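Participant: Just one file: protein.txt, with compact mmCIF, C-alpha atoms and all ligand atoms.
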```
# COMPACT_ATOMS: atom_id res chain seq x y z
CA MET A 1 35.28 -123.02 129.22
CA ASN A 2 37.06 -124.29 126.12
CA GLN A 3 35.70 -126.45 123.33
CA ARG A 4 37.62 -129.51 124.58
CA ALA A 5 36.03 -129.32 128.00
CA LEU A 6 32.62 -129.04 126.33
CA SER A 7 33.32 -132.16 124.22
CA ILE A 8 34.49 -134.14 127.26
CA LEU A 9 31.37 -133.14 129.18
CA ARG A 10 29.22 -134.57 126.40
CA LEU A 11 31.13 -137.86 126.76
CA LEU A 12 30.79 -137.90 130.54
CA ASN A 13 27.11 -137.06 130.52
CA ASP A 14 26.04 -140.66 131.14
CA GLY A 15 27.25 -140.23 134.72
CA GLN A 16 29.52 -143.30 134.43
CA TYR A 17 33.25 -143.51 135.09
CA GLN A 18 35.44 -143.18 132.02
CA SER A 19 39.19 -143.49 131.99
CA GLY A 20 41.35 -140.57 130.92
CA GLU A 21 42.78 -142.84 128.26
CA SER A 22 39.45 -143.68 126.66
CA LEU A 23 38.31 -140.04 126.78
CA ALA A 24 41.58 -138.98 125.15
CA ARG A 25 41.12 -141.58 122.41
CA LYS A 26 37.58 -140.40 121.70
CA ILE A 27 38.47 -136.76 121.24
CA PHE A 28 41.93 -137.30 119.74
CA CYS A 29 44.08 -135.65 122.39
CA LYS A 30 46.61 -136.55 125.08
CA ARG A 31 45.60 -137.79 128.54
CA ALA A 32 47.18 -134.72 130.07
CA THR A 33 44.85 -132.56 127.99
CA ILE A 34 41.85 -134.35 129.50
CA SER A 35 43.06 -133.72 133.01
CA ASN A 36 43.84 -130.06 132.27
CA SER A 37 40.51 -129.48 130.57
CA LEU A 38 38.57 -130.85 133.52
CA LYS A 39 40.27 -128.60 136.06
CA ASN A 40 38.41 -125.67 137.59
CA LEU A 41 34.96 -126.60 136.30
CA ASP A 42 33.43 -126.15 139.78
CA SER A 43 32.89 -122.47 139.11
CA TYR A 44 30.40 -123.49 136.38
CA GLY A 45 28.53 -125.68 138.86
CA ILE A 46 30.01 -128.83 137.28
CA LYS A 47 31.13 -131.54 139.71
CA ILE A 48 33.59 -134.07 138.32
CA VAL A 49 35.35 -136.65 140.48
CA LYS A 50 38.55 -138.40 139.57
CA THR A 51 39.13 -141.82 141.13
CA ARG A 52 42.37 -143.69 140.83
CA GLY A 53 41.99 -146.74 138.62
CA ARG A 54 38.51 -145.77 137.39
CA GLY A 55 38.89 -142.38 135.77
CA TYR A 56 36.49 -139.45 135.68
CA ARG A 57 32.82 -139.23 136.56
CA TRP A 58 30.46 -136.27 136.20
CA ILE A 59 28.37 -136.55 139.35
CA ASN A 60 25.73 -133.96 138.47
CA PRO A 61 25.24 -134.55 134.72
CA ILE A 62 22.55 -132.60 132.90
CA SER A 63 19.76 -133.39 130.50
CA TYR A 64 21.06 -131.47 127.48
CA LEU A 65 18.82 -129.22 125.44
CA ASN A 66 17.75 -131.19 122.41
CA LYS A 67 15.98 -129.84 119.34
CA ASP A 68 14.09 -133.06 118.65
CA LEU A 69 12.81 -133.16 122.22
CA ILE A 70 11.79 -129.49 122.17
CA LEU A 71 9.97 -129.88 118.87
CA GLY A 72 8.72 -133.36 119.76
CA PHE A 73 6.33 -132.31 122.49
CA SER A 74 2.86 -132.60 121.09
CA SER A 75 1.85 -129.02 121.75
CA ILE A 76 4.35 -127.51 119.32
CA ASP A 77 4.28 -127.08 115.55
CA PRO A 78 7.92 -127.57 114.43
CA SER A 79 7.48 -125.48 111.29
CA ASN A 80 6.90 -122.39 113.43
CA PHE A 81 10.42 -122.30 114.86
CA LYS A 82 14.03 -122.25 113.76
CA ILE A 83 15.88 -123.46 116.85
CA THR A 84 19.64 -123.16 117.29
CA LEU A 85 21.35 -124.68 120.33
CA PHE A 86 24.81 -124.07 121.77
CA ASP A 87 26.84 -125.55 124.59
CA ALA A 88 28.30 -122.10 125.35
CA LEU A 89 27.66 -118.61 124.02
CA ASP A 90 28.29 -115.08 125.25
CA SER A 91 24.59 -114.25 125.45
CA THR A 92 21.60 -115.57 123.54
CA ASN A 93 20.21 -112.03 123.21
CA THR A 94 23.52 -110.72 121.86
CA PHE A 95 23.71 -113.65 119.43
CA LEU A 96 20.32 -112.88 117.93
CA LEU A 97 20.96 -109.14 117.80
CA ASN A 98 24.29 -109.65 116.03
CA ASN A 99 23.38 -112.48 113.69
CA PHE A 100 19.78 -111.91 112.73
CA SER A 101 19.06 -108.87 110.64
CA SER A 102 15.61 -107.37 110.70
CA GLY A 103 14.48 -109.33 107.61
CA MET A 104 15.33 -112.60 109.35
CA ILE A 105 12.90 -111.98 112.21
CA ASP A 106 9.77 -113.51 110.78
CA ASN A 107 6.84 -114.71 112.90
CA SER A 108 6.06 -117.56 110.50
CA CYS A 109 9.39 -119.15 111.47
CA ILE A 110 10.55 -117.72 114.78
CA PRO A 111 14.30 -117.75 115.48
CA VAL A 112 15.07 -119.28 118.87
CA VAL A 113 18.54 -119.58 120.39
CA ALA A 114 19.25 -121.46 123.61
CA THR A 115 22.47 -122.37 125.33
CA GLU A 116 23.73 -124.49 128.22
CA TYR A 117 25.98 -121.68 129.40
CA GLN A 118 26.38 -117.95 128.82
CA THR A 119 29.78 -116.35 129.29
CA ASN A 120 28.26 -112.87 129.34
CA GLY A 121 24.59 -113.28 130.19
CA ARG A 122 22.95 -109.88 130.38
CA GLY A 123 20.22 -108.67 132.70
CA ARG A 124 18.10 -105.53 132.82
CA ALA A 125 19.64 -102.14 133.51
CA GLY A 126 23.13 -103.26 132.45
CA ARG A 127 23.30 -105.96 135.12
CA LEU A 128 24.80 -109.41 134.55
CA TRP A 129 22.77 -112.61 134.48
CA HIS A 130 24.72 -115.46 135.95
CA SER A 131 23.88 -119.16 135.86
CA GLY A 132 25.84 -122.41 135.81
CA PHE A 133 26.33 -124.92 133.02
CA GLY A 134 23.00 -126.53 132.11
CA ASP A 135 21.44 -125.52 135.42
CA SER A 136 18.94 -123.10 133.92
CA LEU A 137 16.96 -122.45 130.78
CA THR A 138 18.60 -119.53 128.99
CA PHE A 139 17.17 -118.65 125.62
CA SER A 140 16.06 -115.83 123.36
CA PHE A 141 13.74 -115.48 120.43
CA GLY A 142 12.82 -112.79 117.94
CA TRP A 143 9.32 -111.50 117.33
CA ARG A 144 8.14 -109.00 114.73
CA PHE A 145 5.45 -106.37 115.33
CA ASP A 146 3.69 -104.36 112.67
CA LYS A 147 3.81 -101.37 115.03
CA GLY A 148 6.58 -99.07 116.18
CA VAL A 149 8.33 -99.62 119.51
CA SER A 150 6.32 -96.85 121.17
CA ALA A 151 3.21 -99.06 120.85
CA LEU A 152 4.89 -101.98 122.63
CA SER A 153 4.82 -100.79 126.21
CA GLY A 154 3.62 -103.63 128.35
CA LEU A 155 5.39 -106.26 126.25
CA SER A 156 7.71 -107.25 129.08
CA LEU A 157 4.71 -107.73 131.39
CA ILE A 158 3.09 -109.98 128.77
CA ILE A 159 6.14 -112.23 128.71
CA GLY A 160 5.86 -112.51 132.50
CA ILE A 161 2.23 -113.63 132.11
CA ALA A 162 3.27 -116.26 129.57
CA ILE A 163 5.87 -117.68 131.96
CA ILE A 164 3.41 -117.79 134.87
CA ARG A 165 0.79 -119.51 132.69
CA VAL A 166 3.28 -122.17 131.62
CA LEU A 167 4.57 -122.77 135.14
CA ARG A 168 0.98 -123.14 136.33
CA SER A 169 0.33 -125.65 133.59
CA PHE A 170 3.09 -127.72 135.26
CA SER A 171 1.33 -127.30 138.65
CA ILE A 172 3.76 -124.64 139.84
CA ASN A 173 1.20 -122.29 141.27
CA CYS A 174 3.03 -120.43 143.98
CA VAL A 175 5.00 -118.13 141.69
CA SER A 176 4.31 -114.44 141.18
CA ILE A 177 5.59 -111.46 139.22
CA LYS A 178 7.42 -108.45 140.64
CA TRP A 179 6.84 -105.44 138.43
CA PRO A 180 7.76 -105.20 135.69
CA ASN A 181 8.74 -108.78 134.99
CA ASP A 182 10.80 -110.60 137.62
CA ILE A 183 9.34 -114.03 138.30
CA LEU A 184 9.48 -114.75 142.04
CA PHE A 185 9.07 -117.70 144.33
CA ASP A 186 9.05 -116.98 148.05
CA ASN A 187 10.27 -113.45 147.26
CA LYS A 188 13.37 -114.84 145.57
CA LYS A 189 14.06 -114.46 141.87
CA LEU A 190 13.26 -117.54 139.84
CA ALA A 191 13.37 -116.06 136.35
CA GLY A 192 14.24 -112.84 134.55
CA ILE A 193 13.33 -111.30 131.21
CA LEU A 194 15.41 -109.01 129.02
CA ILE A 195 13.70 -107.42 126.03
CA GLU A 196 15.60 -105.42 123.43
CA LEU A 197 13.55 -103.52 120.86
CA ARG A 198 14.61 -102.40 117.40
CA SER A 199 12.72 -100.14 114.99
CA ASP A 200 12.43 -100.93 111.31
CA ILE A 201 11.81 -98.70 108.38
CA PHE A 202 8.08 -98.36 107.52
CA GLY A 203 7.10 -98.13 111.18
CA SER A 204 7.35 -101.77 112.14
CA SER A 205 9.66 -103.15 114.82
CA TYR A 206 11.00 -106.33 116.32
CA ALA A 207 11.88 -107.53 119.78
CA ILE A 208 14.64 -109.82 120.93
CA ILE A 209 13.16 -111.45 124.00
CA GLY A 210 15.56 -113.22 126.36
CA ILE A 211 14.54 -115.38 129.29
CA GLY A 212 16.52 -117.04 132.05
CA ILE A 213 14.80 -119.55 134.36
CA ASN A 214 16.72 -121.21 137.21
CA PHE A 215 16.23 -124.96 137.30
CA LYS A 216 18.83 -126.41 139.67
CA SER A 217 21.47 -123.98 140.81
CA SER A 218 24.49 -125.34 142.63
CA ASP A 219 25.67 -123.71 145.85
CA ILE A 220 28.69 -122.26 144.10
CA ILE A 221 26.50 -120.47 141.55
CA LYS A 222 24.11 -119.29 144.26
CA SER A 223 26.99 -117.82 146.22
CA SER A 224 28.25 -115.94 143.17
CA ILE A 225 24.95 -114.07 142.78
CA ASN A 226 24.41 -111.03 144.95
CA GLN A 227 20.79 -111.82 145.76
CA GLU A 228 18.95 -114.89 146.95
CA ILE A 229 17.59 -116.89 144.05
CA ALA A 230 14.99 -119.63 143.73
CA ASP A 231 15.07 -122.59 141.39
CA LEU A 232 12.42 -124.97 140.09
CA SER A 233 14.02 -128.03 141.68
CA ALA A 234 13.24 -126.57 145.10
CA ILE A 235 9.66 -125.70 144.18
CA SER A 236 8.47 -128.80 142.42
CA ASP A 237 8.68 -132.38 143.65
CA GLU A 238 8.54 -133.56 140.08
CA TYR A 239 11.53 -133.52 137.75
CA LEU A 240 11.01 -130.73 135.23
CA ASP A 241 12.76 -131.08 131.92
CA ARG A 242 14.08 -127.89 130.33
CA ASN A 243 13.19 -129.14 126.85
CA GLN A 244 9.59 -129.62 127.83
CA ILE A 245 9.30 -126.24 129.55
CA LEU A 246 10.91 -124.51 126.56
CA SER A 247 8.48 -126.26 124.25
CA ALA A 248 5.52 -125.13 126.35
CA LEU A 249 6.84 -121.58 126.53
CA LEU A 250 7.27 -121.32 122.77
CA THR A 251 3.72 -122.57 122.29
CA GLU A 252 2.44 -120.00 124.78
CA PHE A 253 4.33 -117.14 123.09
CA LEU A 254 2.83 -118.15 119.79
CA SER A 255 -0.60 -117.79 121.29
CA ILE A 256 -0.21 -114.71 123.51
CA LEU A 257 1.91 -112.41 121.33
CA PRO A 258 -0.53 -112.03 118.41
CA VAL A 259 -3.26 -111.07 120.92
CA PHE A 260 -0.92 -108.53 122.49
CA GLY A 261 -0.11 -107.22 118.99
CA ASP A 262 -3.83 -106.70 118.29
CA TYR A 263 -5.18 -105.52 121.65
CA GLY A 264 -2.15 -104.34 123.63
CA PHE A 265 -1.49 -104.87 127.31
CA ALA A 266 -4.94 -103.56 128.27
CA TYR A 267 -6.41 -106.93 127.34
CA PHE A 268 -4.20 -108.69 129.93
CA LYS A 269 -4.09 -106.05 132.66
CA LYS A 270 -6.44 -107.81 135.07
CA GLU A 271 -4.66 -111.12 134.72
CA TRP A 272 -1.27 -109.47 135.27
CA ILE A 273 -2.46 -107.72 138.45
CA SER A 274 -3.69 -111.07 139.78
CA TYR A 275 -0.09 -112.34 139.51
CA HIS A 276 1.58 -109.27 141.04
CA ALA A 277 3.54 -110.14 144.18
CA PHE A 278 3.29 -106.61 145.60
CA GLU A 279 -0.29 -105.56 144.76
CA ARG A 280 -1.72 -103.37 147.58
CA GLN A 281 1.59 -103.55 149.42
CA ALA A 282 3.69 -100.67 150.72
CA VAL A 283 6.75 -100.39 148.49
CA SER A 284 9.71 -98.21 147.65
CA LEU A 285 10.40 -97.50 144.00
CA ILE A 286 13.97 -96.51 143.19
CA LEU A 287 14.03 -94.40 140.02
CA PRO A 288 17.03 -94.48 137.63
CA ASN A 289 18.15 -91.06 138.97
CA GLY A 290 18.32 -92.51 142.48
CA ASN A 291 15.17 -90.80 143.77
CA ILE A 292 12.99 -93.01 145.93
CA ILE A 293 9.20 -92.95 145.71
CA VAL A 294 7.25 -94.50 148.55
CA GLY A 295 3.67 -95.63 148.15
CA THR A 296 1.18 -98.46 147.99
CA VAL A 297 0.83 -100.44 144.78
CA ASP A 298 -2.50 -99.79 143.08
CA GLY A 299 -2.43 -101.87 139.91
CA VAL A 300 -0.82 -101.05 136.61
CA MET A 301 -1.83 -98.79 133.74
CA GLU A 302 -2.77 -99.98 130.26
CA ASP A 303 0.75 -99.12 129.09
CA GLY A 304 2.28 -101.40 131.76
CA SER A 305 3.49 -98.61 134.06
CA ILE A 306 3.01 -99.20 137.77
CA CYS A 307 0.55 -97.16 139.84
CA LEU A 308 1.41 -96.09 143.35
CA MET A 309 -0.76 -94.30 145.87
CA THR A 310 1.76 -91.78 147.18
CA PRO A 311 1.51 -88.91 149.66
CA SER A 312 1.06 -86.67 146.59
CA GLY A 313 -1.70 -88.79 145.03
CA ARG A 314 -1.96 -91.67 142.55
CA ASN A 315 0.97 -91.62 140.15
CA SER A 316 2.28 -94.03 137.56
CA TYR A 317 5.90 -94.84 136.73
CA HIS A 318 7.47 -96.46 133.69
CA VAL A 319 10.84 -97.46 135.14
CA GLY A 320 12.42 -98.27 138.46
CA ASP A 321 13.11 -101.07 140.90
CA ILE A 322 10.45 -101.82 143.49
CA SER A 323 10.91 -103.47 146.83
CA ILE A 324 8.63 -104.14 149.78
CA ARG A 325 8.83 -101.57 152.58
CA ARG A 326 8.86 -103.21 155.96
CA ASN A 327 7.71 -100.06 157.80
CA SER A 328 4.62 -98.48 156.26
CA LEU A 329 4.17 -94.70 155.84
C1 LIG B 401 16.90 -109.60 134.43
O1 LIG B 401 16.09 -110.01 135.26
O2 LIG B 401 17.73 -108.74 134.72
C2 LIG B 401 16.85 -110.14 133.04
C3 LIG B 401 17.62 -111.40 132.90
C4 LIG B 401 17.53 -112.00 131.52
C5 LIG B 401 18.48 -113.17 131.33
C6 LIG B 401 18.27 -113.84 130.02
S1 LIG B 401 19.15 -115.36 129.93
C7 LIG B 401 18.85 -115.46 128.21
C8 LIG B 401 18.96 -114.07 127.65
N1 LIG B 401 20.32 -113.76 127.28
C9 LIG B 401 20.86 -112.81 128.04
O3 LIG B 401 22.01 -112.39 127.95
N2 LIG B 401 19.96 -112.40 128.93
C10 LIG B 401 18.70 -113.06 128.78
```
Have the structure of the file written as structure tokens, please.
Facilitator:
Amino acid sequence: MNQRALSILRLLNDGQYQSGESLARKIFCKRATISNSLKNLDSYGIKIVKTRGRGYRWINPISYLNKDLILGFSSIDPSNFKITLFDALDSTNTFLLNNFSSGMIDNSCIPVVATEYQTNGRGRAGRLWHSGFGDSLTFSFGWRFDKGVSALSGLSLIIGIAIIRVLRSFSINCVSIKWPNDILFDNKKLAGILIELRSDIFGSSYAIIGIGINFKSSDIIKSSINQEIADLSAISDEYLDRNQILSALLTEFLSILPVFGDYGFAYFKKEWISYHAFERQAVSLILPNGNIIVGTVDGVMEDGSICLMTPSGRNSYHVGDISIRRNSL
């Protein structure tokens, strides 16, 4: 999507009709440019109608991310965050990794980057993360640890806990976690977490933590994703504002991450297990080498690895994709 289209969308965001002529005047271009820029936006989940004599109307406008709104919610201390917002970006994780050197990741003023749209959103294990324009909350932040990366196992599970806590605080109780950190509703993915760790000299480290939460995915976006997804609009009767949820999440990270830094995942293990969608269930675990382990989930270890009761005993695993097995052993 080009910069012109992004500017026109901002003008059309009131959901009212605007003539091509007036749009063209406002962004200093020709009428034909307006019409060309607004073509083919359906693939981003954007629905614009053109009516003869009235002009253009964006029929599913969004509530844009807004720094003042994010920082304005009472729970947040603005001085703790440096928030940067974009209309479009390749990936918020990539942006932080490329533009924030180690010295710029400072927990007294946490860098946060959020965008309405990612052109190359990244998921775990080299997968893509796809969402439409303004239909999800896609953001990343940096957090410094005074330990090396080897001491950070369990971090991704902690971020899952933070998301569940925040969703519950908005009365969204029926969500769970699939190990290690997929947030599920009705067995469909509602949110994902991508953590990228970097070591520093002197044994410290930092994490770039990226989160994508689906808010209101259009059918076209849903059909472009190769798994069924859930979104908050289908779960909650109340309108949930992305600015408010982001604000609550940042507040929660500020509270949970120092405790994790001091006590590790062990401190949160019981709480995490209480959120696990597959606890005590028969599952298959596909390892990165393609081998499949079958077993019954029996909690997690203090380093965040998953425990399975298998035919060869109780074993724990650090990586892999788990899924429910319909036919037990
Ligand atoms: C996954 O479940 O595979 C992880 C998905 C993580 C997606 C988020 S969206 C914001 C941040 N930027 C990215 O490119 N990815 C993460």
Participant: When the cut-off is 10 Å and you count all atoms listed in the file, which residues lie near ligand LIG 401 (chain B), shown as an MDAnalysis selection string?
Facilitator: chainID A and resid 89:96 113:115 117:131 136:141 180:183 189:196 208:214
Participant: When you draw a straight line from atom CA of Asp87 of chain A to atom CA of Leu250 of chain A, how long is it in Å?
Facilitator: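 These two atoms are separated by 20.1 Å.
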Participant: Which neighbours of Tyr275 of chain A fall inside 10 Å, counting only C-alpha atoms, when residues of the same chain fewer than 5 positions from it are skipped, and could you give them as a ChimeraX atom specification?
Facilitator: /A:160-161,164-165,174-179,183,270
Participant: Distance atom CA of Gln18 of chain A-atom CA of Leu65 of chain A, one decimal place?
Facilitator: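 According to the coordinates, atom CA of Gln18 of chain A and atom CA of Leu65 of chain A are separated by 22.7 Å.
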Participant: In the coordinates of the file, take the point (5.1, -106.5, 127.3) and a cut-off of 12 Å; then, counting only C-alpha atoms, name each qualifying protein, DNA or RNA residue as an MDAnalysis selection string.
Facilitator: chainID A and resid 143 145 149:162 179:181 193:197 207:209 253 256:261 263:269 272 302:305
Participant: Selected residues, C-alpha atoms, written as an mmCIF file, in the frame of the given file, please.
Facilitator:
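Output file selection_8.cif is given in full below:
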```
data_model
loop_
_atom_site.group_PDB
_atom_site.id
_atom_site.type_symbol
_atom_site.label_atom_id
_atom_site.label_comp_id
_atom_site.auth_asym_id
_atom_site.auth_seq_id
_atom_site.Cartn_x
_atom_site.Cartn_y
_atom_site.Cartn_z
ATOM 1 C CA TRP A 143 9.320 -111.500 117.330
ATOM 2 C CA PHE A 145 5.450 -106.370 115.330
ATOM 3 C CA VAL A 149 8.330 -99.620 119.510
ATOM 4 C CA SER A 150 6.320 -96.850 121.170
ATOM 5 C CA ALA A 151 3.210 -99.060 120.850
ATOM 6 C CA LEU A 152 4.890 -101.980 122.630
ATOM 7 C CA SER A 153 4.820 -100.790 126.210
ATOM 8 C CA GLY A 154 3.620 -103.630 128.350
ATOM 9 C CA LEU A 155 5.390 -106.260 126.250
ATOM 10 C CA SER A 156 7.710 -107.250 129.080
ATOM 11 C CA LEU A 157 4.710 -107.730 131.390
ATOM 12 C CA ILE A 158 3.090 -109.980 128.770
ATOM 13 C CA ILE A 159 6.140 -112.230 128.710
ATOM 14 C CA GLY A 160 5.860 -112.510 132.500
ATOM 15 C CA ILE A 161 2.230 -113.630 132.110
ATOM 16 C CA ALA A 162 3.270 -116.260 129.570
ATOM 17 C CA TRP A 179 6.840 -105.440 138.430
ATOM 18 C CA PRO A 180 7.760 -105.200 135.690
ATOM 19 C CA ASN A 181 8.740 -108.780 134.990
ATOM 20 C CA ILE A 193 13.330 -111.300 131.210
ATOM 21 C CA LEU A 194 15.410 -109.010 129.020
ATOM 22 C CA ILE A 195 13.700 -107.420 126.030
ATOM 23 C CA GLU A 196 15.600 -105.420 123.430
ATOM 24 C CA LEU A 197 13.550 -103.520 120.860
ATOM 25 C CA ALA A 207 11.880 -107.530 119.780
ATOM 26 C CA ILE A 208 14.640 -109.820 120.930
ATOM 27 C CA ILE A 209 13.160 -111.450 124.000
ATOM 28 C CA PHE A 253 4.330 -117.140 123.090
ATOM 29 C CA ILE A 256 -0.210 -114.710 123.510
ATOM 30 C CA LEU A 257 1.910 -112.410 121.330
ATOM 31 C CA PRO A 258 -0.530 -112.030 118.410
ATOM 32 C CA VAL A 259 -3.260 -111.070 120.920
ATOM 33 C CA PHE A 260 -0.920 -108.530 122.490
ATOM 34 C CA GLY A 261 -0.110 -107.220 118.990
ATOM 35 C CA TYR A 263 -5.180 -105.520 121.650
ATOM 36 C CA GLY A 264 -2.150 -104.340 123.630
ATOM 37 C CA PHE A 265 -1.490 -104.870 127.310
ATOM 38 C CA ALA A 266 -4.940 -103.560 128.270
ATOM 39 C CA TYR A 267 -6.410 -106.930 127.340
ATOM 40 C CA PHE A 268 -4.200 -108.690 129.930
ATOM 41 C CA LYS A 269 -4.090 -106.050 132.660
ATOM 42 C CA TRP A 272 -1.270 -109.470 135.270
ATOM 43 C CA GLU A 302 -2.770 -99.980 130.260
ATOM 44 C CA ASP A 303 0.750 -99.120 129.090
ATOM 45 C CA GLY A 304 2.280 -101.400 131.760
ATOM 46 C CA SER A 305 3.490 -98.610 134.060
#
```
Participant: Find the residues near Ser35 of chain A: any atom within 12 Å, counting all atoms listed in the file, skip ones fewer than 6 places away on the same chain, and give them as a ChimeraX atom specification.
Facilitator: /A:4-5,8,19-21,23-24,29,41,48-50,55-56
Participant: Give the answer as one residue: which of A:Ile172, A:Gly295, A:Ser63, A:Val319 has the shortest atom-to-atom distance to Leu12 of chain A, using only C-alpha atoms?
Facilitator: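 Looking only at the distances to Leu12 of chain A, the closest residue turns out to be A:Ser63.
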Participant: Which neighbours of segment 219-230 of chain A fall inside 9 Å, counting only C-alpha atoms, when residues of the same chain fewer than 2 positions from it are skipped, and could you give them as an NGL selection string?
Facilitator: :A and (42-45 or 129-132 or 184-191 or 214-217 or 232-235)
Participant: Please determine, counting all atoms listed in the file, which residue among A:Ile322, A:Leu11, A:Val300, A:Leu38 has the shortest atom-to-atom distance to Arg25 of chain A.
Facilitator: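 When distances to Arg25 of chain A are compared using all atoms listed in the file, the smallest one comes from A:Leu11.
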Participant: Nearest residue to Trp58 of chain A out of A:Tyr317, A:Tyr17, A:Phe28, A:Phe86, using only C-alpha atoms?
Facilitator: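 Of the candidates, the smallest distance to Trp58 of chain A is held by A:Tyr17.
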Participant: Would you mind listing what lies within 7 Å of segment 67-82 of chain A as a PDB file with C-alpha atoms, in the coordinates of the input, with only C-alpha atoms counted and same-chain residues fewer than 2 positions away left out?
Facilitator:
```pdb
ATOM      1  CA  LEU A  65      18.820-129.220 125.440  1.00  0.00           C
ATOM      2  CA  THR A  84      19.640-123.160 117.290  1.00  0.00           C
ATOM      3  CA  SER A 108       6.060-117.560 110.500  1.00  0.00           C
ATOM      4  CA  CYS A 109       9.390-119.150 111.470  1.00  0.00           C
ATOM      5  CA  ILE A 110      10.550-117.720 114.780  1.00  0.00           C
ATOM      6  CA  PRO A 111      14.300-117.750 115.480  1.00  0.00           C
ATOM      7  CA  VAL A 112      15.070-119.280 118.870  1.00  0.00           C
ATOM      8  CA  ASN A 243      13.190-129.140 126.850  1.00  0.00           C
ATOM      9  CA  GLN A 244       9.590-129.620 127.830  1.00  0.00           C
ATOM     10  CA  LEU A 246      10.910-124.510 126.560  1.00  0.00           C
ATOM     11  CA  SER A 247       8.480-126.260 124.250  1.00  0.00           C
ATOM     12  CA  THR A 251       3.720-122.570 122.290  1.00  0.00           C
TER      13      THR A 251
END
```
Participant: Set the distance at 9 Å and use only C-alpha atoms: which residues neighbour Tyr64 of chain A once local chain neighbours fewer than 5 positions away are removed? I'd like the list as a PDB file with C-alpha atoms, in the frame of the given file.
Facilitator:
```
ATOM      1  CA  ARG A  10      29.220-134.570 126.400  1.00  0.00           C
ATOM      2  CA  ASN A  13      27.110-137.060 130.520  1.00  0.00           C
ATOM      3  CA  ASP A  87      26.840-125.550 124.590  1.00  0.00           C
ATOM      4  CA  GLU A 116      23.730-124.490 128.220  1.00  0.00           C
ATOM      5  CA  GLY A 134      23.000-126.530 132.110  1.00  0.00           C
ATOM      6  CA  ARG A 242      14.080-127.890 130.330  1.00  0.00           C
ATOM      7  CA  ASN A 243      13.190-129.140 126.850  1.00  0.00           C
TER       8      ASN A 243
END
```
Participant: From the set A:Arg144, A:Arg325, A:Asp237, A:Gly53, which residue has the shortest atom-to-atom contact distance to Ser101 of chain A, counting only C-alpha atoms?
Facilitator: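 Closest residue, counting only C-alpha atoms: A:Arg144.
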Participant: Between atom CA of Ser284 of chain A and atom CA of Pro311 of chain A, measure the distance and give it in Å to one decimal.
Facilitator: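 Interatomic distance, atom CA of Ser284 of chain A to atom CA of Pro311 of chain A: 12.6 Å.
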Participant: Closest to Ile201 of chain A among A:Ile293, A:Gly103, A:Asp241, A:Ile163, using all atoms listed in the file?
Facilitator: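 Using all atoms listed in the file, the shortest distance to Ile201 of chain A belongs to A:Gly103.
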Participant: Let me make sure I understand: among A:Leu9, A:Met1, A:Ile306, A:Ile27, which one has the smallest atom-to-atom distance to Ile59 of chain A if we use all atoms listed in the file?
Facilitator: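 Between A:Leu9, A:Met1, A:Ile306, A:Ile27, the residue approaching Ile59 of chain A most closely is A:Leu9.
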Participant: Would you mind writing segment 229-240 of chain A with N, CA and C atoms, as a PDB file, keeping the file's coordinate frame?
Facilitator:
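Written file, selection.pdb:
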```pdb
ATOM      1  N   ILE A 229      18.372-116.469 145.213  1.00  0.00           N
ATOM      2  CA  ILE A 229      17.590-116.890 144.050  1.00  0.00           C
ATOM      3  C   ILE A 229      16.824-118.178 144.372  1.00  0.00           C
ATOM      4  N   ALA A 230      15.762-118.383 143.583  1.00  0.00           N
ATOM      5  CA  ALA A 230      14.990-119.630 143.730  1.00  0.00           C
ATOM      6  C   ALA A 230      15.233-120.472 142.490  1.00  0.00           C
ATOM      7  N   ASP A 231      15.025-121.765 142.607  1.00  0.00           N
ATOM      8  CA  ASP A 231      15.070-122.590 141.390  1.00  0.00           C
ATOM      9  C   ASP A 231      13.938-123.617 141.406  1.00  0.00           C
ATOM     10  N   LEU A 232      13.597-124.096 140.214  1.00  0.00           N
ATOM     11  CA  LEU A 232      12.420-124.970 140.090  1.00  0.00           C
ATOM     12  C   LEU A 232      12.589-126.273 140.850  1.00  0.00           C
ATOM     13  N   SER A 233      13.830-126.747 140.987  1.00  0.00           N
ATOM     14  CA  SER A 233      14.020-128.030 141.680  1.00  0.00           C
ATOM     15  C   SER A 233      13.580-127.942 143.132  1.00  0.00           C
ATOM     16  N   ALA A 234      13.648-126.726 143.706  1.00  0.00           N
ATOM     17  CA  ALA A 234      13.240-126.570 145.100  1.00  0.00           C
ATOM     18  C   ALA A 234      11.739-126.352 145.228  1.00  0.00           C
ATOM     19  N   ILE A 235      11.089-126.015 144.116  1.00  0.00           N
ATOM     20  CA  ILE A 235       9.660-125.700 144.180  1.00  0.00           C
ATOM     21  C   ILE A 235       8.814-126.916 143.864  1.00  0.00           C
ATOM     22  N   SER A 236       9.289-127.692 142.886  1.00  0.00           N
ATOM     23  CA  SER A 236       8.470-128.800 142.420  1.00  0.00           C
ATOM     24  C   SER A 236       9.066-130.133 142.847  1.00  0.00           C
ATOM     25  N   ASP A 237       8.209-131.042 143.278  1.00  0.00           N
ATOM     26  CA  ASP A 237       8.680-132.380 143.650  1.00  0.00           C
ATOM     27  C   ASP A 237       8.996-133.200 142.410  1.00  0.00           C
ATOM     28  N   GLU A 238       8.327-132.791 141.304  1.00  0.00           N
ATOM     29  CA  GLU A 238       8.540-133.560 140.080  1.00  0.00           C
ATOM     30  C   GLU A 238       9.745-133.047 139.323  1.00  0.00           C
ATOM     31  N   TYR A 239      10.413-133.940 138.597  1.00  0.00           N
ATOM     32  CA  TYR A 239      11.530-133.520 137.750  1.00  0.00           C
ATOM     33  C   TYR A 239      10.964-132.726 136.567  1.00  0.00           C
ATOM     34  N   LEU A 240      11.480-131.532 136.362  1.00  0.00           N
ATOM     35  CA  LEU A 240      11.010-130.730 135.230  1.00  0.00           C
ATOM     36  C   LEU A 240      12.113-130.652 134.194  1.00  0.00           C
TER      37      LEU A 240
END
```
